[in-house]
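File shown: coords.cif (mmCIF, C-alpha atoms).
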data_target
#
loop_
_atom_site.label_atom_id
_atom_site.label_comp_id
_atom_site.auth_asym_id
_atom_site.auth_seq_id
_atom_site.Cartn_x
_atom_site.Cartn_y
_atom_site.Cartn_z
CA MET A 264 0.00 0.00 0.00
CA THR A 265 2.85 2.38 0.87
CA ILE A 266 4.55 1.82 -2.50
CA THR A 267 1.23 2.39 -4.29
CA ILE A 268 0.77 5.74 -2.52
CA ILE A 269 4.35 6.80 -3.37
CA ILE A 270 3.92 5.85 -7.03
CA THR A 271 0.57 7.68 -7.24
CA ILE A 272 1.80 10.90 -5.63
CA CYS A 273 5.02 10.98 -7.69
CA THR A 274 3.08 10.37 -10.91
CA LEU A 275 0.56 13.09 -10.13
CA LEU A 276 3.28 15.62 -9.27
CA LEU A 277 5.23 14.78 -12.43
CA LEU A 278 2.05 15.41 -14.43
CA ALA A 279 1.67 18.70 -12.52
CA TYR A 280 5.20 19.60 -13.64
CA VAL A 281 4.26 18.84 -17.26
CA PHE A 282 1.20 21.10 -16.89
CA GLU A 283 3.40 23.85 -15.43
CA ARG A 284 5.91 23.63 -18.30
CA THR A 285 3.31 23.56 -21.06
CA SER A 286 0.92 26.19 -19.67
CA SER A 287 2.94 29.11 -21.09
CA LYS A 288 2.62 27.62 -24.60
CA THR A 289 -0.93 26.23 -24.46
CA LYS A 290 -2.23 29.15 -22.30
CA VAL A 291 -4.28 26.57 -20.39
CA PRO A 292 -3.84 27.44 -16.69
CA ALA A 293 -2.17 24.60 -14.82
CA VAL A 294 -4.82 24.92 -12.11
CA ILE A 295 -7.56 23.82 -14.52
CA LEU A 296 -5.61 20.70 -15.44
CA LEU A 297 -4.76 20.00 -11.79
CA LEU A 298 -8.41 20.25 -10.76
CA LEU A 299 -9.41 17.95 -13.64
CA LEU A 300 -6.66 15.49 -12.73
CA GLY A 301 -7.73 15.42 -9.08
CA PHE A 302 -11.37 15.00 -10.12
CA PHE A 303 -10.39 12.15 -12.48
CA VAL A 304 -8.50 10.38 -9.68
CA ARG A 305 -11.64 10.61 -7.53
CA GLN A 306 -13.70 8.96 -10.27
CA LEU A 307 -11.12 6.16 -10.58
CA THR A 308 -11.11 5.47 -6.83
CA THR A 309 -14.91 5.34 -6.88
CA PHE A 310 -15.01 3.07 -9.94
CA PHE A 311 -12.50 0.61 -8.52
CA GLU A 312 -14.02 0.91 -5.03
CA ILE A 313 -10.73 1.98 -3.47
CA SER A 314 -11.22 3.12 0.11
CA ILE A 315 -9.67 6.55 0.75
CA PRO A 316 -10.02 8.33 4.14
CA ASP A 317 -11.57 11.79 4.28
CA LEU A 318 -8.83 14.20 3.15
CA THR A 319 -10.81 17.40 3.75
CA PRO A 320 -9.05 18.31 7.07
CA ILE A 321 -5.62 18.55 5.41
CA LEU A 322 -6.79 20.94 2.66
CA PRO A 323 -6.40 24.10 4.83
CA PHE A 324 -2.86 23.00 5.78
CA PHE A 325 -1.67 22.78 2.17
CA GLY A 326 -3.57 25.96 1.36
CA THR A 327 -1.99 28.01 4.16
CA VAL A 328 1.57 26.82 3.48
CA GLY A 329 0.99 27.26 -0.25
CA LEU A 330 -0.24 30.83 0.23
CA ILE A 331 2.85 31.72 2.29
CA LEU A 332 5.25 30.27 -0.28
CA ILE A 333 3.44 31.80 -3.27
CA VAL A 334 3.35 35.33 -1.81
CA LEU A 335 7.00 34.91 -0.79
CA GLU A 336 7.93 33.67 -4.26
CA GLY A 337 6.16 36.59 -5.93
CA SER A 338 7.59 39.27 -3.62
CA LEU A 339 11.13 37.94 -4.10
CA GLU A 340 10.72 38.56 -7.85
CA LEU A 341 9.63 42.18 -7.50
CA GLU A 342 11.88 45.19 -8.04
CA PHE A 343 11.28 48.09 -5.68
CA ASN A 344 12.67 51.51 -6.62
CA LYS A 345 11.44 54.98 -7.50
CA SER A 346 10.82 54.03 -11.12
CA LYS A 347 8.32 51.39 -9.94
CA THR A 348 6.23 53.86 -7.92
CA PRO A 349 3.59 54.49 -10.68
CA LEU A 350 3.26 50.73 -11.25
CA ILE A 351 2.81 50.06 -7.52
CA LYS A 352 0.19 52.83 -7.18
CA LYS A 353 -1.82 51.53 -10.13
CA SER A 354 -1.64 47.91 -8.97
CA PHE A 355 -2.73 48.98 -5.47
CA LEU A 356 -5.74 50.90 -6.82
CA VAL A 357 -6.77 48.07 -9.16
CA SER A 358 -6.51 45.56 -6.30
CA LEU A 359 -8.38 47.76 -3.79
CA PHE A 360 -11.36 49.48 -5.40
CA PRO A 361 -12.84 46.58 -7.42
CA LEU A 362 -12.50 44.40 -4.30
CA LEU A 363 -14.42 46.88 -2.12
CA ALA A 364 -17.04 47.68 -4.75
CA LEU A 365 -17.74 44.02 -5.49
CA ALA A 366 -17.77 43.07 -1.79
CA PHE A 367 -20.39 45.68 -0.89
CA LEU A 368 -22.48 44.92 -3.99
CA LEU A 369 -22.55 41.18 -3.24
CA SER A 370 -23.22 41.74 0.46
CA PHE A 371 -26.19 43.97 -0.45
CA LEU A 372 -27.55 41.29 -2.80
CA PHE A 373 -27.05 38.49 -0.26
CA HIS A 374 -28.72 40.63 2.42
CA HIS A 375 -31.61 41.59 0.13
CA TYR A 376 -32.38 38.22 -1.44
CA GLY A 377 -31.43 35.90 1.42
CA GLN A 378 -32.47 38.12 4.34
CA PHE A 379 -29.11 37.48 6.02
CA SER A 380 -27.46 40.04 8.28
CA PHE A 381 -25.31 42.54 6.40
CA LYS A 382 -22.25 41.58 8.44
CA ASP A 383 -22.59 37.87 7.61
CA SER A 384 -23.32 38.74 3.99
CA LEU A 385 -20.15 40.85 3.78
CA THR A 386 -18.07 38.15 5.49
CA ASN A 387 -19.18 35.61 2.87
CA ALA A 388 -18.79 38.06 -0.03
CA VAL A 389 -15.15 39.04 0.59
CA PRO A 390 -13.56 35.64 -0.34
CA LEU A 391 -15.20 35.89 -3.77
CA CYS A 392 -13.62 39.30 -4.39
CA ILE A 393 -9.94 38.39 -3.98
CA ILE A 394 -7.64 37.61 -6.91
CA SER A 395 -5.71 34.39 -6.41
CA SER A 396 -1.96 34.98 -6.63
CA ALA A 397 -1.57 31.18 -6.59
CA ILE A 398 -3.18 31.06 -10.05
CA ALA A 399 -2.38 34.49 -11.45
CA ILE A 400 1.38 34.61 -10.82
CA PRO A 401 2.32 31.27 -12.48
CA SER A 402 0.05 32.06 -15.44
CA VAL A 403 1.69 35.33 -16.54
CA LYS A 404 5.30 34.25 -16.99
CA SER A 405 5.09 34.71 -20.76
CA LEU A 406 3.64 38.25 -20.64
CA THR A 407 5.60 41.47 -21.02
CA SER A 408 7.73 42.62 -18.10
CA PHE A 409 5.27 45.40 -17.18
CA ASN A 410 2.18 43.19 -17.27
CA LYS A 411 3.94 40.43 -15.34
CA GLU A 412 5.10 42.80 -12.60
CA PHE A 413 1.67 44.43 -12.47
CA ILE A 414 -0.07 41.09 -11.92
CA ILE A 415 2.43 40.01 -9.26
CA TYR A 416 1.97 43.27 -7.35
CA GLU A 417 -1.80 43.35 -7.85
CA SER A 418 -2.53 39.73 -6.92
CA SER A 419 -0.20 39.83 -3.89
CA LEU A 420 -1.77 43.09 -2.69
CA SER A 421 -5.24 41.67 -3.37
CA ASP A 422 -4.43 38.71 -1.11
CA ILE A 423 -3.14 40.98 1.65
CA ILE A 424 -5.94 43.57 1.42
CA GLY A 425 -8.57 40.84 1.12
CA VAL A 426 -7.35 38.95 4.18
CA LEU A 427 -7.11 42.19 6.19
CA PHE A 428 -10.64 43.18 5.17
CA PHE A 429 -12.01 39.69 5.85
CA ASN A 430 -10.44 39.47 9.32
CA PHE A 431 -11.64 42.96 10.20
CA ILE A 432 -15.23 42.09 9.26
CA ALA A 433 -15.27 38.54 10.64
CA LEU A 434 -13.53 39.20 13.97
CA ASN A 435 -15.42 42.34 15.05
CA ASP A 436 -18.96 42.20 16.38
CA SER A 437 -19.38 45.95 15.90
CA PHE A 438 -17.57 48.66 13.99
CA GLY A 439 -16.68 51.74 15.98
CA PHE A 440 -13.72 53.81 17.05
CA SER A 441 -12.32 51.01 19.22
CA SER A 442 -12.40 48.41 16.44
CA PHE A 443 -10.66 50.74 13.98
CA GLY A 444 -8.14 51.73 16.66
CA TYR A 445 -7.36 48.10 17.42
CA PHE A 446 -7.00 47.41 13.70
CA GLY A 447 -4.50 50.27 13.43
CA LEU A 448 -2.50 48.87 16.34
CA GLN A 449 -2.42 45.47 14.58
CA LEU A 450 -0.93 47.08 11.47
CA ILE A 451 1.69 48.90 13.52
CA ALA A 452 2.55 45.71 15.43
CA ILE A 453 2.98 43.57 12.32
CA THR A 454 5.08 46.31 10.67
CA VAL A 455 7.47 46.38 13.65
CA ILE A 456 7.54 42.57 13.81
CA SER A 457 8.21 42.42 10.05
CA PHE A 458 11.15 44.81 10.32
CA VAL A 459 12.77 43.01 13.26
CA ALA A 460 12.11 39.51 11.88
CA THR A 461 13.33 40.42 8.40
CA ILE A 462 16.64 41.81 9.70
CA GLY A 463 17.06 38.76 11.94
CA LEU A 464 16.32 36.27 9.15
CA ALA A 465 18.63 38.10 6.73
CA PHE A 466 21.41 38.00 9.34
CA MET A 467 20.82 34.26 9.86
CA LEU A 468 20.85 33.58 6.13
CA ASN A 469 24.21 35.32 5.86
CA LYS A 470 25.79 33.77 8.95
CA ILE A 471 24.66 30.14 8.89
CA ASP A 472 27.54 28.08 7.51
CA HIS A 473 25.89 24.68 7.93
CA HIS A 474 25.00 22.77 4.75
CA ILE A 475 21.34 22.97 5.83
CA LYS A 476 20.53 26.69 5.93
CA PHE A 477 17.43 27.44 3.82
CA ALA A 478 15.02 25.00 5.44
CA PRO A 479 15.30 26.69 8.89
CA ILE A 480 14.65 30.09 7.27
CA ILE A 481 11.49 28.88 5.51
CA LEU A 482 10.32 27.13 8.68
CA LEU A 483 10.86 30.33 10.69
CA VAL A 484 8.93 32.35 8.10
CA ILE A 485 6.00 29.92 8.33
CA LEU A 486 6.25 29.90 12.15
CA ILE A 487 6.17 33.71 12.39
CA TYR A 488 3.15 33.78 10.06
CA ALA A 489 1.36 31.11 12.13
CA VAL A 490 2.04 32.86 15.45
CA SER A 491 0.85 36.17 13.99
CA LYS A 492 -2.41 34.47 12.94
CA VAL A 493 -2.92 33.22 16.53
CA TYR A 494 -2.95 36.87 17.64
CA HIS A 495 -5.04 37.91 14.61
CA LEU A 496 -2.22 39.92 13.06
CA PRO A 497 -2.02 40.27 9.24
CA GLY A 498 0.88 37.86 8.72
CA LEU A 499 0.84 38.19 4.92
CA ILE A 500 2.23 41.71 5.32
CA PHE A 501 5.31 40.18 6.98
CA ILE A 502 5.69 37.63 4.14
CA PHE A 503 5.39 40.34 1.50
CA LEU A 504 7.80 42.75 3.21
CA PHE A 505 10.34 40.01 3.92
CA GLY A 506 10.38 38.89 0.27
CA LEU A 507 10.52 42.49 -0.97
CA PHE A 508 13.46 43.25 1.33
CA MET A 509 15.43 40.13 0.42
CA GLY A 510 14.85 40.61 -3.29
CA ASN A 511 15.96 44.25 -3.34
CA LEU A 512 19.16 44.35 -1.31
CA ASP A 513 20.94 46.25 -4.09
CA GLU A 514 18.36 49.06 -3.85
CA LEU A 515 18.98 49.37 -0.09
CA LYS A 516 22.75 49.92 -0.19
CA GLN A 517 22.17 53.63 0.42
CA PHE A 518 21.46 52.75 4.06
CA LYS A 519 24.72 52.30 5.99
CA TRP A 520 23.35 49.60 8.30
CA ILE A 521 22.70 47.37 5.26
CA GLU A 522 26.46 47.02 4.82
CA LYS A 523 26.55 45.01 8.05
CA LEU A 524 24.58 42.30 6.24
CA LYS A 525 27.20 42.17 3.46
CA PRO A 526 24.67 42.48 0.61
CA GLU A 527 27.08 41.24 -2.09
CA GLU A 528 27.54 37.91 -0.32
CA LEU A 529 23.92 37.77 0.81
CA ASN A 530 22.64 38.20 -2.75
CA THR A 531 24.20 34.88 -3.71
CA GLU A 532 22.36 33.14 -0.88
CA VAL A 533 19.12 34.95 -1.71
CA ASN A 534 19.26 33.64 -5.29
CA LYS A 535 19.56 30.09 -3.96
CA PHE A 536 16.74 30.81 -1.51
CA LYS A 537 14.53 32.00 -4.40
CA GLU A 538 15.11 28.73 -6.25
CA LEU A 539 14.20 26.63 -3.21
CA THR A 540 11.09 28.76 -2.54
CA THR A 541 9.95 28.39 -6.15
CA GLU A 542 10.37 24.59 -6.03
CA ALA A 543 8.57 24.32 -2.69
CA ALA A 544 5.73 26.60 -3.84
CA PHE A 545 5.22 24.45 -6.93
CA LEU A 546 4.95 21.23 -4.90
CA VAL A 547 2.58 22.59 -2.26
CA ARG A 548 0.43 24.48 -4.78
CA SER A 549 0.12 21.37 -6.94
CA LEU A 550 -0.84 19.19 -3.99
CA PHE A 551 -3.46 21.71 -2.89
CA PHE A 552 -5.25 21.92 -6.23
CA LEU A 553 -4.97 18.18 -6.84
CA LEU A 554 -6.56 17.58 -3.45
CA PHE A 555 -9.24 20.19 -4.01
CA GLY A 556 -10.04 18.66 -7.41
CA TYR A 557 -10.24 15.26 -5.75
CA LEU A 558 -12.77 16.57 -3.21
CA ILE A 559 -15.04 18.11 -5.85
CA GLN A 560 -18.34 16.31 -6.39
CA THR A 561 -19.97 16.21 -9.85
CA GLU A 562 -23.24 17.63 -8.52
CA GLU A 563 -21.35 20.62 -7.07
CA ILE A 564 -20.04 21.63 -10.51
CA LEU A 565 -23.44 21.16 -12.19
CA ASN A 566 -25.52 22.79 -9.45
CA THR A 567 -27.95 24.97 -11.41
CA ASP A 568 -29.17 26.71 -8.25
CA THR A 569 -25.83 28.43 -7.79
CA LEU A 570 -24.83 28.70 -11.46
CA ILE A 571 -26.91 31.85 -12.02
CA TRP A 572 -25.27 33.48 -9.00
CA ALA A 573 -21.83 32.34 -10.20
CA VAL A 574 -22.32 33.84 -13.68
CA GLY A 575 -23.63 37.07 -12.16
CA ILE A 576 -20.68 37.34 -9.75
CA VAL A 577 -18.14 36.66 -12.50
CA THR A 578 -19.79 39.27 -14.74
CA ALA A 579 -19.58 41.84 -11.93
CA ILE A 580 -15.91 40.95 -11.34
CA TYR A 581 -14.93 41.90 -14.89
CA ILE A 582 -17.17 44.97 -15.07
CA PHE A 583 -15.58 46.52 -11.98
CA ARG A 584 -12.13 45.45 -13.16
CA ALA A 585 -12.62 47.01 -16.59
CA ILE A 586 -13.79 50.28 -15.03
CA GLN A 587 -10.77 50.52 -12.72
CA LEU A 588 -8.32 49.58 -15.48
CA LYS A 589 -9.77 52.35 -17.64
CA ILE A 590 -9.56 54.84 -14.77
CA SER A 591 -5.93 53.82 -14.20
CA LYS A 592 -5.25 54.20 -17.96
CA LEU A 593 -4.12 50.61 -18.37
CA SER A 594 -4.63 48.35 -21.37
CA LEU A 595 -7.61 46.00 -21.03
CA SER A 596 -5.90 43.19 -22.91
CA PRO A 597 -4.68 40.97 -21.36
CA LEU A 598 -4.99 42.48 -17.84
CA LEU A 599 -8.80 42.44 -17.81
CA PHE A 600 -8.93 38.66 -18.07
CA ILE A 601 -6.40 37.89 -15.34
CA ALA A 602 -8.62 37.98 -12.26
CA PRO A 603 -8.84 34.33 -11.18
CA ARG A 604 -10.29 33.19 -7.88
CA GLY A 605 -8.64 30.22 -6.20
CA LEU A 606 -6.57 29.29 -3.19
CA ILE A 607 -7.24 32.33 -0.99
CA THR A 608 -10.97 32.18 -1.79
CA ILE A 609 -11.11 28.55 -0.70
CA LEU A 610 -9.08 29.19 2.46
CA LEU A 611 -11.21 32.09 3.64
CA PHE A 612 -14.42 30.21 2.79
CA LEU A 613 -13.25 27.28 4.94
CA THR A 614 -12.53 29.60 7.89
CA ILE A 615 -16.10 30.96 8.01
CA GLY A 616 -17.77 29.43 11.06
CA PRO A 617 -21.25 27.86 10.94
CA GLU A 618 -22.68 30.84 12.83
CA GLN A 619 -21.53 33.22 10.07
CA SER A 620 -22.09 31.07 6.97
CA ILE A 621 -25.03 31.76 4.64
CA SER A 622 -26.79 29.30 2.36
CA LEU A 623 -26.25 31.36 -0.81
CA VAL A 624 -22.47 31.00 -0.54
CA ASN A 625 -21.61 27.31 -0.57
CA LYS A 626 -19.00 24.99 -2.02
CA SER A 627 -20.81 24.78 -5.37
CA LEU A 628 -20.75 28.55 -5.82
CA ILE A 629 -17.07 28.75 -4.88
CA ILE A 630 -16.11 25.97 -7.32
CA GLN A 631 -18.12 27.47 -10.18
CA VAL A 632 -16.65 30.97 -9.71
CA ILE A 633 -13.11 29.52 -9.58
CA ILE A 634 -13.62 27.47 -12.75
CA LEU A 635 -15.31 30.30 -14.68
CA THR A 636 -12.63 32.88 -13.85
CA ALA A 637 -9.87 30.39 -14.70
CA LEU A 638 -11.50 29.62 -18.07
CA ILE A 639 -11.88 33.33 -18.85
CA MET A 640 -8.22 33.89 -17.99
CA MET A 641 -7.28 31.00 -20.29
CA LEU A 642 -9.29 32.45 -23.20
CA GLY A 643 -7.87 35.92 -22.57
CA LEU A 644 -4.27 34.68 -22.60
CA MET A 645 -4.93 32.67 -25.77
CA THR A 646 -6.42 35.74 -27.48
CA ASN A 647 -3.49 37.88 -26.37
CA ARG A 648 -1.06 35.32 -27.77
CA LYS A 649 -2.78 35.38 -31.18
CA GLN A 650 -2.69 39.18 -31.21
CA GLN A 651 1.05 39.17 -30.45
CA GLN A 652 1.70 36.68 -33.27
CA GLU A 653 -0.30 38.78 -35.73
#
Would it be possible to restate this file's structure as structure tokens?
Amino acid sequence: MTITIIITICTLLLLAYVFERTSSKTKVPAVILLLLLGFFVRQLTTFFEISIPDLTPILPFFGTVGLILIVLEGSLELEFNKSKTPLIKKSFLVSLFPLLALAFLLSFLFHHYGQFSFKDSLTNAVPLCIISSAIAIPSVKSLTSFNKEFIIYESSLSDIIGVLFFNFIALNDSFGFSSFGYFGLQLIAITVISFVATIGLAFMLNKIDHHIKFAPIILLVILIYAVSKVYHLPGLIFIFLFGLFMGNLDELKQFKWIEKLKPEELNTEVNKFKELTTEAAFLVRSLFFLLFGYLIQTEEILNTDTLIWAVGIVTAIYIFRAIQLKISKLSLSPLLFIAPRGLITILLFLTIGPEQSISLVNKSLIIQVIILTALIMMLGLMTNRKQQQE
């Protein structure tokens, strides 16, 4: 049985690698193929009556670790200097305003049609409004440098802003001066923690001379994120700032204290760290979507009760996105189409307690929105490729 499990997992991950390598040429997002592969495995186990234990409890684990590694991978790739300021501002605006507009629109509709409380409606609406960096970042590797950087910034910021907004809504019973004050203190606390932890981790990365040096750093990053979540601090801010700092040591040489970290030597280690992070992110991301595909039921995909809502939500996603892209004076193609929902949507949906969940937002709706946005992204990238060839 053990050998069978090893063979199965290795085969599935090798297929995931093939999907990853071919996605830039076929423009078919690897996540679509991973979900289909996981779903196909489920049908095989059912057909051959193979008994598999319930794997649902481990889905949040892979999702959380995957989110950390993906945001870290993306932030390590970003360049941060004065020339990038307009790009960062535009990506921030495009990640913020469509998210807020869509969240309040959906919460109003859920409240109006389902007679749910506005707070619960907003809590359930937010996960549907966040762009998935886990899907967006790997899918744009073949785009121009500007578009690629824009998507990395936008999707990473969308994850961070979305999680902050979700936690603020879900964890507060009322919204007054005290709740906003406490939220401000949380931001200050995580900023200080991020600064201290980043300097400490950079120092460790430079000083550790043991042949095992990157695994402890990644484990510490995950540990700091997990501890911050225990105290309801926005840990993704730490991940983003840590990756941005480590990936832009050359831009920080103007500060004298940076010289103590020996940036020339540290850059070599950071490049190796990037490679390990990319490899680890691929494995965890692939396992997550394979597992999620495996847990999908046929009736959940074909649920006509939620399909109308799913189509309406997806339509609203691209309307608000098109408006903000126009306001920001950005090209609609291919940026309009790259707004997939995925890992972060699933994670936040799973964290909603029974007392806050609403019947209109269920697993079927989440699956349908994820699949529809991924398919639209696929068609958009294919169209963009044809336009480039012409």
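The space between CA of Gly616 in chain A and CA of Ser314 in chain A spans 29.2 Å.
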(message) On this structure, the PyMOL selection byres ((chain A and resi 608) around 10) would catch which residues? List them as a PyMOL selection string, sorted by chain and number.
(response) chain A and resi 388-395+422+425-426+603-607+609-613+629-630+632-633
(request) Select, from A:Ile415, A:Leu307, A:Leu335, A:Ile615, the residue with the minimum atom-to-atom distance to Glu538 in chain A, counting all atoms listed in the file. (result) A:Leu335
(message) Please enumerate the residues selected by the PyMOL selection byres ((chain A and resi 476) around 12) when evaluated against the supplied file, formatted as a PyMOL selection string.
(response) chain A and resi 464-475+477-483+532-533+535-536+539
Give me, as CSV, the closest atom pair and its distance (Å, one decimal) for every residue of range 409-458 of chain A within a cut-off of 12 Å of range 581-597 of chain A, counting only C-alpha atoms, rows sorted by chain and rising number.
residue,atom,partner,partner_atom,distance
A:Phe409,CA,A:Leu593,CA,10.8
A:Asn410,CA,A:Pro597,CA,8.3
A:Lys411,CA,A:Pro597,CA,10.5
A:Phe413,CA,A:Leu593,CA,10.3
A:Ile414,CA,A:Pro597,CA,10.5
A:Glu417,CA,A:Arg584,CA,11.8
